[in-house]
Amino acid sequence: MSKTGKKIVVVALVGAAAVGAWSVGAALFGGDPEAASAKHAVNQIWIERLPTDSRDQVNHFVLVRHPQGKVGAVGKSSQWRHFVELFMWGLEGEQLSVYLPQEQQKAQLRVRTWECSAEAPEPFELCLELSSKKRSVTMYSRKDWIIDPKDVQGSLAELVSETPELAGILSSDDVLAVDPDQDDDDDDANPDVAGWTEVDLLAR
């Protein structure tokens, strides 16, 4: 896959962050002081494993702290199929608050990251544990799988170039791209999240 080929899923994230509707994330969640045990969680690509072929669907997770807002994505993708949901988030210590505007739902997760080269499957170096009240999942990353919030497309294109197995997970059709310069007068720019339904994000 060329660097100028398919759009990157997380580019849609950061494009959305630049739209007025997503800037509410900054107001909702403030400065997000992080615990030392969650220091690798943000601006990092996390996956459950490397895909075995182009049809292998792999769970993925990302939190992006964009200058204009905090947005994330959770999903399961292969080269041929993508299920991705965007959300707003806030991180207070190890407590991750997730807000899903599409269904007006919210979730609370405990986040823990650590260096785990000795215990993780190759080629991974970092581990992420996401826990809800009923279940937990572990995902993996590498130290150099970092997203630059000011150049998401460039950093992810470079990542795909260096690790071609990720092309199917991180890429999607142009329809996922959002124009960061478009105007947005949507009433969802200031959602009343207090009335949103609590869900277990890990059960989705």
# chains A, B, ... in the order shown; residues from 1 in each chain; ligands from 1
$ residues_around --residues "Ala194 in chain A" --least-positions-apart "5" --cutoff "10 Å" --atoms "only C-alpha atoms" --output "number ranges by chain"
A: 104-106
$ write_last_selection --atoms "N, CA and C atoms" --output "compact mmCIF listing (two decimals), in the first residue's frame"
# COMPACT_ATOMS: atom_id res chain seq x y z
N GLN A 104 -25.27 7.82 21.84
CA GLN A 104 -25.38 8.57 23.09
C GLN A 104 -25.15 7.63 24.28
N GLN A 105 -23.99 6.97 24.26
CA GLN A 105 -23.61 6.04 25.31
C GLN A 105 -22.28 6.48 25.92
N LYS A 106 -22.02 6.00 27.14
CA LYS A 106 -20.77 6.31 27.81
C LYS A 106 -20.27 5.06 28.52
$ residues_around --residues "Tyr140 in chain A" --least-positions-apart "5" --cutoff "8 Å" --atoms "only C-alpha atoms" --output "PyMOL selection string"
chain A and resi 46-49+120+124-128
$ write_last_selection --atoms "C-alpha atoms" --output "short mmCIF file (atom, residue, chain, number, x, y, z; two decimals), in the first residue's frame"
data_model
loop_
_atom_site.label_atom_id
_atom_site.label_comp_id
_atom_site.auth_asym_id
_atom_site.auth_seq_id
_atom_site.Cartn_x
_atom_site.Cartn_y
_atom_site.Cartn_z
CA TRP A 46 -2.86 -0.67 20.05
CA ILE A 47 -3.87 -4.01 18.48
CA GLU A 48 -4.70 -7.45 19.86
CA ARG A 49 -2.21 -9.20 17.53
CA ALA A 120 4.46 -10.04 24.94
CA PHE A 124 5.52 -6.19 20.61
CA GLU A 125 7.18 -4.14 23.36
CA LEU A 126 4.26 -2.47 25.17
CA CYS A 127 1.11 -3.86 26.80
CA LEU A 128 -2.24 -2.16 27.39
#
$ residues_around --residues "Arg55 in chain A" --least-positions-apart "3" --cutoff "10 Å" --atoms "only C-alpha atoms" --output "PyMOL selection string"
chain A and resi 51-52+58+77-81+168
$ residues_around --residues "Trp89 in chain A" --least-positions-apart "4" --cutoff "8 Å" --atoms "only C-alpha atoms" --output "PyMOL selection string"
chain A and resi 25+29+63+70-72+96-99
$ select_by_dssp --residues "range 6-173 of chain A" --states "alpha helix (DSSP H)" --output "PyMOL selection string"
chain A and resi 9-18+24-29+152-162+167-170
$ atom_distance --atom1 "CA of His40 in chain A" --atom2 "CA of Glu94 in chain A"
11.4 Å
$ atom_distance --atom1 "CA of Val64 in chain A" --atom2 "CA of Pro149 in chain A"
6.8 Å
$ atom_distance --atom1 "CA of Ala36 in chain A" --atom2 "CA of Glu162 in chain A"
28.8 Å
$ residues_around --residues "Lys39 in chain A" --least-positions-apart "2" --cutoff "9 Å" --atoms "only C-alpha atoms" --output "mmCIF file with N, CA and C atoms, in the first residue's frame"
data_model
loop_
_atom_site.group_PDB
_atom_site.id
_atom_site.type_symbol
_atom_site.label_atom_id
_atom_site.label_comp_id
_atom_site.auth_asym_id
_atom_site.auth_seq_id
_atom_site.Cartn_x
_atom_site.Cartn_y
_atom_site.Cartn_z
ATOM 1 N N GLU A 34 -2.471 12.178 33.811
ATOM 2 C CA GLU A 34 -2.363 10.733 33.651
ATOM 3 C C GLU A 34 -1.513 10.124 34.749
ATOM 4 N N ALA A 35 -1.885 8.894 35.147
ATOM 5 C CA ALA A 35 -1.068 8.136 36.077
ATOM 6 C C ALA A 35 0.157 7.617 35.336
ATOM 7 N N ALA A 36 1.252 7.396 36.078
ATOM 8 C CA ALA A 36 2.466 6.871 35.458
ATOM 9 C C ALA A 36 2.198 5.533 34.792
ATOM 10 N N SER A 37 1.275 4.755 35.351
ATOM 11 C CA SER A 37 0.976 3.430 34.802
ATOM 12 C C SER A 37 0.166 3.490 33.518
ATOM 13 N N ALA A 41 -0.598 5.174 27.038
ATOM 14 C CA ALA A 41 -1.927 4.926 26.473
ATOM 15 C C ALA A 41 -2.275 5.858 25.311
ATOM 16 N N VAL A 42 -1.837 7.106 25.386
ATOM 17 C CA VAL A 42 -2.295 8.135 24.448
ATOM 18 C C VAL A 42 -1.342 8.287 23.259
ATOM 19 N N ARG A 112 -4.220 0.523 32.031
ATOM 20 C CA ARG A 112 -2.877 0.290 32.560
ATOM 21 C C ARG A 112 -1.961 -0.082 31.406
ATOM 22 N N THR A 113 -0.794 0.565 31.322
ATOM 23 C CA THR A 113 0.188 0.231 30.295
ATOM 24 C C THR A 113 1.525 -0.060 30.957
ATOM 25 N N TRP A 114 2.311 -0.888 30.306
ATOM 26 C CA TRP A 114 3.642 -1.190 30.838
ATOM 27 C C TRP A 114 4.524 -1.741 29.722
#
$ closest_residue --among "A:Gln44, A:Gln108, A:Gln68, A:Gln102" --to "Leu202 in chain A" --atoms "only C-alpha atoms"
A:Gln108
$ select_by_dssp --residues "range 73-129 of chain A" --states "strand (DSSP E or B)" --output "PyMOL selection string"
chain A and resi 73-77+82-93+95-100+105-115+126-129
